Structures are given as structure tokens and as C-alpha cells.
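The file data-v5.cif comes next; it holds mmCIF, C-alpha atoms.
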```
data_run
#
loop_
_atom_site.label_atom_id
_atom_site.label_comp_id
_atom_site.auth_asym_id
_atom_site.auth_seq_id
_atom_site.Cartn_x
_atom_site.Cartn_y
_atom_site.Cartn_z
CA GLY L 30 15.77 -19.05 -19.98
CA CYS L 31 17.38 -16.58 -17.65
CA SER L 32 14.48 -14.11 -17.68
CA SER L 33 11.91 -16.65 -16.45
CA LYS L 34 14.29 -17.70 -13.69
CA LYS L 35 14.58 -14.04 -12.69
CA MET L 36 10.80 -13.71 -12.91
CA ALA L 37 10.35 -16.61 -10.53
CA GLU L 38 12.48 -15.26 -7.68
CA VAL L 39 10.77 -15.63 -4.31
CA SER L 40 12.04 -13.84 -1.22
CA TYR L 41 11.22 -14.24 2.46
CA ASN L 42 13.35 -11.23 3.36
CA ILE L 43 12.25 -7.69 4.16
CA PRO L 44 11.00 -6.19 0.85
CA GLU L 45 13.51 -4.00 -0.97
CA GLY L 46 12.81 -1.53 -3.76
CA LEU L 47 9.05 -1.63 -3.20
CA PRO L 48 6.81 1.36 -2.41
CA ASP L 49 6.31 2.02 1.31
CA ALA L 50 3.84 -0.40 2.94
CA THR L 51 1.49 2.51 3.71
CA THR L 52 0.82 2.57 -0.07
CA LEU L 53 -1.26 -0.56 0.46
CA TYR L 54 -3.43 1.08 3.09
CA VAL L 55 -3.99 4.26 1.07
CA ALA L 56 -4.72 2.29 -2.12
CA ALA L 57 -7.10 -0.09 -0.29
CA GLN L 58 -9.07 2.92 0.98
CA GLY L 59 -9.14 4.23 -2.60
CA ILE L 60 -10.56 0.93 -3.87
CA MET L 61 -13.29 1.06 -1.20
CA ALA L 62 -14.11 4.59 -2.41
CA ILE L 63 -14.97 3.43 -5.96
CA ALA L 64 -18.43 4.94 -6.33
CA GLU L 65 -20.29 2.18 -8.16
CA ALA L 66 -20.89 -0.76 -5.77
CA SER L 67 -20.63 -3.50 -8.41
CA GLU L 68 -17.38 -2.04 -9.78
CA ARG L 69 -15.97 -1.73 -6.26
CA GLU L 70 -16.74 -5.37 -5.48
CA GLU L 71 -15.33 -6.51 -8.82
CA ALA L 72 -12.09 -4.57 -8.25
CA VAL L 73 -11.71 -5.98 -4.71
CA GLN L 74 -12.30 -9.59 -5.77
CA THR L 75 -9.99 -9.30 -8.81
CA VAL L 76 -7.15 -7.75 -6.76
CA PHE L 77 -7.59 -10.57 -4.20
CA LYS L 78 -7.37 -13.12 -7.05
CA LEU L 79 -4.16 -11.60 -8.40
CA VAL L 80 -2.47 -11.26 -4.99
CA ASP L 81 -3.64 -14.64 -3.70
CA ALA L 82 -2.58 -16.41 -6.93
CA VAL L 83 1.01 -15.29 -6.30
CA LEU L 84 0.76 -16.26 -2.61
CA SER L 85 -0.55 -19.71 -3.64
CA PHE L 86 2.05 -20.27 -6.40
CA PRO L 87 4.89 -17.80 -5.71
CA GLU L 88 7.31 -19.61 -8.05
CA ASP L 89 4.96 -19.65 -11.05
CA PRO L 90 5.93 -16.78 -13.39
CA LYS L 91 2.52 -16.94 -15.11
CA LYS L 92 0.80 -15.86 -11.88
CA ARG L 93 3.14 -12.90 -11.65
CA ARG L 94 2.36 -11.06 -14.86
CA VAL L 95 -0.73 -9.43 -16.28
CA LYS L 96 -1.18 -7.99 -19.79
CA LYS L 97 -2.33 -4.40 -19.39
CA SER L 98 -4.20 -4.74 -22.70
CA ASN L 99 -6.26 -7.64 -21.30
CA GLU L 100 -9.88 -6.49 -21.62
CA VAL L 101 -11.10 -8.21 -18.43
CA PHE L 102 -8.16 -6.86 -16.39
CA ASN L 103 -8.82 -3.36 -17.74
CA ARG L 104 -12.50 -3.45 -16.97
CA LYS L 105 -12.14 -4.81 -13.44
CA VAL L 106 -8.83 -3.33 -12.24
CA GLY L 107 -6.78 -1.42 -14.84
CA ARG L 108 -9.13 1.56 -15.10
CA HIS L 109 -9.12 2.14 -11.31
CA PRO L 110 -5.84 3.95 -10.37
CA SER L 111 -6.16 2.90 -6.70
CA ALA L 112 -6.40 -0.79 -7.65
CA VAL L 113 -3.29 -0.49 -9.86
CA ASP L 114 -1.50 1.38 -7.03
CA PHE L 115 -2.36 -1.50 -4.70
CA LEU L 116 -0.78 -4.00 -7.13
CA ARG L 117 2.33 -1.80 -7.36
CA GLY L 118 2.46 -1.80 -3.55
CA CYS L 119 2.50 -5.63 -3.72
CA GLY L 120 5.55 -5.57 -6.02
CA PHE L 121 4.13 -5.40 -9.55
CA VAL L 122 6.09 -3.13 -11.91
CA ASP L 123 5.73 -2.03 -15.56
CA SER L 124 7.67 -4.28 -17.91
CA ASP L 125 7.89 -4.98 -21.63
CA ASP L 126 5.76 -7.73 -23.12
CA PRO L 127 8.07 -10.07 -25.09
CA GLU L 128 5.09 -11.51 -26.98
CA ALA L 129 3.93 -8.13 -28.36
CA VAL L 130 5.58 -6.46 -31.34
CA GLY L 131 7.44 -3.15 -31.16
CA GLU L 132 5.88 -0.21 -29.36
CA GLU L 133 2.82 -2.25 -28.43
CA GLY L 134 4.97 -4.39 -26.16
CA ARG L 135 6.68 -1.51 -24.37
CA ASN L 136 5.53 -1.50 -20.75
CA GLY L 137 2.76 -3.82 -21.90
CA LEU L 138 2.86 -5.93 -18.74
CA LEU L 139 2.50 -5.55 -15.01
CA SER L 140 4.93 -8.13 -13.68
CA MET L 141 6.52 -9.04 -10.36
CA PRO L 142 10.32 -9.51 -10.58
CA VAL L 143 10.55 -10.68 -6.95
CA ALA L 144 7.67 -12.12 -4.94
CA PHE L 145 8.21 -10.78 -1.42
CA VAL L 146 6.04 -13.16 0.57
CA SER L 147 5.84 -10.89 3.64
CA ARG L 148 4.57 -7.95 1.53
CA LEU L 149 2.03 -10.15 -0.31
CA THR L 150 0.79 -11.54 3.01
CA ASP L 151 0.46 -8.00 4.41
CA ALA L 152 -1.33 -6.93 1.22
CA HIS L 153 -3.90 -9.70 1.62
CA HIS L 154 -4.57 -8.68 5.24
CA VAL L 155 -4.75 -4.94 4.52
CA LEU L 156 -7.25 -5.54 1.70
CA ALA L 157 -9.25 -8.02 3.81
CA SER L 158 -9.44 -5.52 6.68
CA ALA L 159 -10.58 -2.68 4.37
CA ALA L 160 -13.08 -4.96 2.59
CA LYS L 161 -14.65 -6.11 5.86
CA GLU L 162 -14.98 -2.50 7.03
CA ALA L 163 -16.76 -1.74 3.75
CA GLY L 164 -19.08 -4.73 4.24
CA LEU L 165 -17.47 -6.83 1.47
CA ALA L 166 -16.45 -10.48 1.63
CA ALA L 167 -12.75 -11.31 1.95
CA PRO L 168 -11.29 -14.74 1.19
CA PRO L 169 -9.02 -16.46 3.73
CA LEU L 170 -5.26 -16.23 3.28
CA PRO L 171 -4.36 -18.96 0.77
CA ARG L 172 -1.90 -21.75 1.49
CA SER L 173 1.30 -21.69 -0.52
CA SER L 174 2.03 -24.51 -2.99
CA THR L 175 5.58 -24.51 -1.61
CA GLY L 176 4.03 -25.44 1.73
CA PHE L 177 6.02 -22.63 3.31
CA ASN L 178 4.86 -19.17 4.30
CA PRO L 179 6.65 -18.20 7.52
CA PHE L 180 4.33 -15.19 7.80
CA GLN L 181 1.16 -17.24 7.52
CA SER L 182 1.00 -18.68 11.05
CA SER L 183 1.92 -15.38 12.68
CA CYS L 184 -0.69 -13.59 10.60
CA GLN L 185 -3.39 -16.10 11.39
CA ALA L 186 -2.55 -16.17 15.08
CA THR L 187 -2.71 -12.40 15.34
CA ASP L 188 -5.26 -11.86 12.60
CA THR L 189 -7.69 -9.96 14.80
CA THR L 190 -4.99 -7.92 16.52
CA ARG L 191 -1.73 -7.04 14.82
CA GLN L 192 -2.73 -7.42 11.19
CA ALA L 193 -6.19 -5.91 11.37
CA LYS L 194 -4.84 -3.00 13.39
CA ALA L 195 -1.87 -2.28 11.12
CA PRO L 196 -3.89 0.19 9.04
CA GLU L 197 -5.25 1.72 12.26
CA ALA L 198 -1.69 2.20 13.49
CA TRP L 199 -0.77 4.04 10.31
CA LYS L 200 -3.94 6.10 10.54
CA SER L 201 -3.46 7.05 14.18
CA GLU L 202 0.18 7.97 13.51
CA ALA L 203 -0.93 10.32 10.72
CA ASP L 204 -3.67 11.77 12.94
CA ARG L 205 -1.24 12.29 15.80
CA LEU L 206 1.18 14.17 13.55
CA ARG L 207 -1.65 16.28 12.16
CA ASP L 208 -2.87 17.14 15.67
CA GLU L 209 0.68 17.98 16.71
CA VAL L 210 1.08 20.39 13.76
CA LYS L 211 -2.29 22.01 14.51
CA LYS L 212 -1.34 22.42 18.17
CA ARG L 213 1.99 24.04 17.25
CA GLU L 214 0.23 26.37 14.80
CA ARG L 215 -2.28 27.32 17.50
CA GLU L 216 0.49 27.99 20.05
CA LEU L 217 2.35 30.17 17.57
CA GLN L 218 -0.85 32.01 16.70
CA GLU L 219 -1.54 32.69 20.40
CA LYS L 220 2.04 33.90 20.86
CA VAL L 221 1.55 36.33 17.99
CA GLU L 222 -1.80 37.53 19.33
CA THR L 223 -0.55 38.02 22.89
CA ALA L 224 2.77 39.53 21.86
CA PRO L 225 3.42 43.02 23.25
CA ALA L 226 2.60 45.90 20.94
CA VAL L 227 6.19 47.18 21.02
CA PRO L 228 8.07 46.68 17.73
CA LEU L 229 9.59 43.21 17.76
CA CYS L 230 12.58 42.18 15.76
CA PRO L 231 10.81 39.51 13.68
CA THR L 232 13.97 37.48 13.11
CA VAL L 233 14.63 37.12 16.83
CA PHE L 234 10.97 36.30 17.54
CA TRP L 235 10.76 33.58 14.88
CA LEU L 236 14.16 32.19 15.77
CA SER L 237 13.12 31.77 19.38
CA ALA L 238 9.77 30.30 18.32
CA GLY L 239 11.60 27.98 15.93
CA ARG L 240 14.02 26.90 18.63
CA ARG L 241 11.11 26.08 20.91
CA LEU L 242 9.49 24.11 18.09
CA GLU L 243 12.64 22.11 17.48
CA GLY L 244 13.02 21.49 21.18
CA GLY L 245 9.53 20.04 21.28
CA ILE L 246 10.03 17.63 18.36
#
```
Rewrite the structure of this file - the entire thing - as C-alpha cells.
Amino acid sequence: GCSSKKMAEVSYNIPEGLPDATTLYVAAQGIMAIAEASEREEAVQTVFKLVDAVLSFPEDPKKRRVKKSNEVFNRKVGRHPSAVDFLRGCGFVDSDDPEAVGEEGRNGLLSMPVAFVSRLTDAHHVLASAAKEAGLAAPPLPRSSTGFNPFQSSCQATDTTRQAKAPEAWKSEADRLRDEVKKRERELQEKVETAPAVPLCPTVFWLSAGRRLEGGI
């Protein structure tokens, strides 16, 4: 019916209504931080399976929903918040399970209303990059059953540059902002320490400091 048609929507446009792409990077780092090595590897491989299944068969609604109550899913992925966050970053959302009765079915599924192929492709690469850094195996990007992934060739061609460095770019941006804030704090601190001992009108001092700060942004 109508709901399965809606479930099977595939989009090659820029993702809309999804968490920011940096969610993937943060969540991937969280997965790599799972303390127990066997659990970490299991979570990584299971998330790859779920993401790559949608990339391989984007129009198949069965590949785009997971029962939260599924014991295997819970053991390997569901109990690790970072792994669930990663799936949400790919486009999975909470939805009701039509096969379960009453309250049990409420938000009983993780499902993907729209498969944004660009986000799923990015997700595969972000996870592969994090896995390799952690010394874990990463499968190659799967081929789509539709025979069409416009992002596939560009990702493969630039696999070692653009895609692998995407997380680095986010990281360095965050570091740069942090350094900038620290530098500003230091400059303000020095201004306070070297300020003349005469009584200052604090409002005027902070206004001028604030103006200088804004000017520098």
C-alpha cells in the first residue's frame, strides 16, 4: 500500500531533515571507543551490514527497517548509544511497528523513510575511515542493485583524499575554533592583568573588549 511506497523512497538530492553530517563522525568515534574489543568489532560489522544493505538495495523496504526488540540487533548494536546515533545519522528514525500489538508496537522500529544515497555513501566512508584507524577491517562500498549511485565513482576516485579526510576536516575545524577561543581568552586575561590600577568603568572596558572581539570574528 501507500506506506510501503513511502518507505521505499530513494533520493539522490542533498539530505533534508537528517541530523548534521558531523553526527556520523562523532558517532563513529564513539563506536571505536566501545571498551570490549569483540563488542566493538561486532558493532562495527553490524552497522556496516545495515548501512550497506540499504546502499545495495535502496528500494527494498525490508532493508530499511529493524525491530528494536530483535535480540541480535540489541546485543550487537541497540545497546550501544553511539551505534544507534550513527544509524540515526544515516536516516533511520523511530517508527511504530505495524506487526506488533498496542503499546508494544509504539516506536518499535528503526526505519528509514527516505534513503538519501549521498548520506549513506558518506556514512560508509566515515565508518570505514574510523574502522581503519582503529585497526578494524572495513568492507568496500557495495554496488547498488539499481546500478546507479552517482556518488560511488566520485567516492572511489577520491577515496584516499576527500572522503578519508572529511572527518579530519571536521576535526581540524573544531580544533581551530577551540584554539581561537583560547587565544581570545588569553588576550582578554592579559588585558585585565596589564590594565592600569586606576578604577576602570567595567562597562566601557568590556564593551571595548567585546567590540574588538567582534571585529576579529
message = Running the PyMOL selection byres ((chain L and resi 77) around 9) on this model by hand, what would come out? Give it as a ChimeraX atom specification.
response = /L:72-76,78-82,153,156-157,167-168
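We find atom CA of L:Ala66 and atom CA of L:Glu162 to be spaced 14.2 Å apart.
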Of L:Val210, L:Ala152, L:Ile60, L:Val146, the one sitting nearest L:Ser173 when using all atoms listed in the file is L:Val146
Taken to one decimal, the atom CA of L:Ser174-atom CA of L:Ala159 distance is 26.3 Å
- Message: Here is a test: counting all atoms listed in the file, which residue of L:Leu84, L:Val106, L:Leu116, L:Ile63 is nearest to L:Phe145?
- Response: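 Checking each of L:Leu84, L:Val106, L:Leu116, L:Ile63 against L:Phe145, counting all atoms listed in the file, the winner is L:Leu84.
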Min atom-atom distance to L:Arg94 from the set L:Ile43, L:Ala144, L:Ala160, L:Leu138, counting only C-alpha atoms, belongs to L:Leu138
From the set L:Val95, L:Ala56, L:Leu149, L:Val83, which residue has the shortest atom-to-atom contact distance to L:Ser124, counting only C-alpha atoms?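 For L:Ser124, the nearest of the candidates is L:Val95.
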Using all atoms listed in the file, the best pick from L:Leu217, L:Val39, L:Val155, L:Leu139 as closest to L:Asn99 would be L:Leu139
Residue with smallest distance to L:Gly59 - pool L:Gly118, L:Gly131, L:Pro169, L:Pro110, counting all atoms listed in the file: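 When distances to L:Gly59 are compared using all atoms listed in the file, the smallest one comes from L:Pro110.
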Would you write out, as a VMD selection string, every residue that the PyMOL selection byres ((chain L and resi 137) around 6) captures in this file? chain L and resid 97 125 to 126 134 to 136 138
Just the number, please: distance in Å from atom CA of L:Ser158 to atom CA of L:Cys119, one decimal.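 Atom-to-atom, atom CA of L:Ser158 and atom CA of L:Cys119 are spaced 15.8 Å apart.
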Please, could all heavy atoms be added to stretch 169-180 of chain L and the result written as a compact mmCIF listing (two decimals), in the coordinates of the input?
```txt
# COMPACT_ATOMS: atom_id res chain seq x y z
N PRO L 169 -10.09 -16.19 2.75
CA PRO L 169 -9.02 -16.46 3.73
C PRO L 169 -7.66 -16.41 3.05
O PRO L 169 -7.58 -16.52 1.82
CB PRO L 169 -9.33 -17.88 4.21
CG PRO L 169 -10.11 -18.51 3.10
CD PRO L 169 -10.88 -17.40 2.43
N LEU L 170 -6.61 -16.23 3.84
CA LEU L 170 -5.26 -16.23 3.28
C LEU L 170 -4.98 -17.61 2.67
O LEU L 170 -5.19 -18.63 3.32
CB LEU L 170 -4.25 -15.96 4.41
CG LEU L 170 -2.80 -15.75 4.00
CD1 LEU L 170 -2.62 -14.39 3.33
CD2 LEU L 170 -1.88 -15.85 5.20
N PRO L 171 -4.56 -17.65 1.40
CA PRO L 171 -4.36 -18.96 0.77
C PRO L 171 -3.11 -19.67 1.29
O PRO L 171 -2.19 -19.03 1.78
CB PRO L 171 -4.19 -18.60 -0.71
CG PRO L 171 -3.64 -17.23 -0.71
CD PRO L 171 -4.22 -16.54 0.51
N ARG L 172 -3.10 -20.98 1.14
CA ARG L 172 -1.90 -21.75 1.49
C ARG L 172 -0.96 -21.76 0.30
O ARG L 172 -1.40 -21.83 -0.84
CB ARG L 172 -2.26 -23.19 1.87
CG ARG L 172 -3.06 -23.25 3.15
CD ARG L 172 -2.96 -24.61 3.82
NE ARG L 172 -3.53 -24.56 5.17
CZ ARG L 172 -2.88 -24.13 6.23
NH1 ARG L 172 -1.63 -23.70 6.12
NH2 ARG L 172 -3.45 -24.12 7.42
N SER L 173 0.33 -21.71 0.57
CA SER L 173 1.30 -21.69 -0.52
C SER L 173 1.57 -23.10 -1.04
O SER L 173 1.63 -24.06 -0.27
CB SER L 173 2.61 -21.08 -0.02
OG SER L 173 3.61 -21.23 -0.99
N SER L 174 1.73 -23.21 -2.37
CA SER L 174 2.03 -24.51 -2.99
C SER L 174 3.39 -25.03 -2.52
O SER L 174 3.65 -26.22 -2.54
CB SER L 174 2.05 -24.37 -4.51
OG SER L 174 3.08 -23.45 -4.88
N THR L 175 4.26 -24.09 -2.10
CA THR L 175 5.58 -24.51 -1.61
C THR L 175 5.45 -25.11 -0.21
O THR L 175 6.38 -25.67 0.32
CB THR L 175 6.56 -23.31 -1.54
OG1 THR L 175 6.02 -22.36 -0.63
CG2 THR L 175 6.74 -22.66 -2.89
N GLY L 176 4.26 -24.94 0.38
CA GLY L 176 4.03 -25.44 1.73
C GLY L 176 4.73 -24.60 2.78
O GLY L 176 4.82 -24.96 3.94
N PHE L 177 5.24 -23.43 2.37
CA PHE L 177 6.02 -22.63 3.31
C PHE L 177 5.69 -21.15 3.18
O PHE L 177 5.98 -20.53 2.17
CB PHE L 177 7.52 -22.84 3.01
CG PHE L 177 8.43 -22.05 3.91
CD1 PHE L 177 8.49 -22.30 5.27
CD2 PHE L 177 9.24 -21.05 3.38
CE1 PHE L 177 9.34 -21.58 6.10
CE2 PHE L 177 10.09 -20.32 4.20
CZ PHE L 177 10.15 -20.59 5.56
N ASN L 178 5.02 -20.62 4.17
CA ASN L 178 4.86 -19.17 4.30
C ASN L 178 5.10 -18.85 5.77
O ASN L 178 4.22 -19.01 6.60
CB ASN L 178 3.47 -18.72 3.86
CG ASN L 178 3.28 -17.21 4.04
OD1 ASN L 178 4.13 -16.55 4.64
ND2 ASN L 178 2.19 -16.67 3.53
N PRO L 179 6.34 -18.44 6.11
CA PRO L 179 6.65 -18.20 7.52
C PRO L 179 5.79 -17.11 8.14
O PRO L 179 5.70 -16.99 9.35
CB PRO L 179 8.12 -17.77 7.49
CG PRO L 179 8.36 -17.29 6.10
CD PRO L 179 7.44 -18.09 5.21
N PHE L 180 5.15 -16.31 7.28
CA PHE L 180 4.33 -15.19 7.80
C PHE L 180 2.90 -15.62 8.02
O PHE L 180 2.12 -14.92 8.62
CB PHE L 180 4.40 -14.01 6.83
CG PHE L 180 5.79 -13.66 6.46
CD1 PHE L 180 6.34 -14.10 5.26
CD2 PHE L 180 6.60 -12.94 7.32
CE1 PHE L 180 7.66 -13.82 4.93
CE2 PHE L 180 7.92 -12.66 7.00
CZ PHE L 180 8.44 -13.10 5.80
```
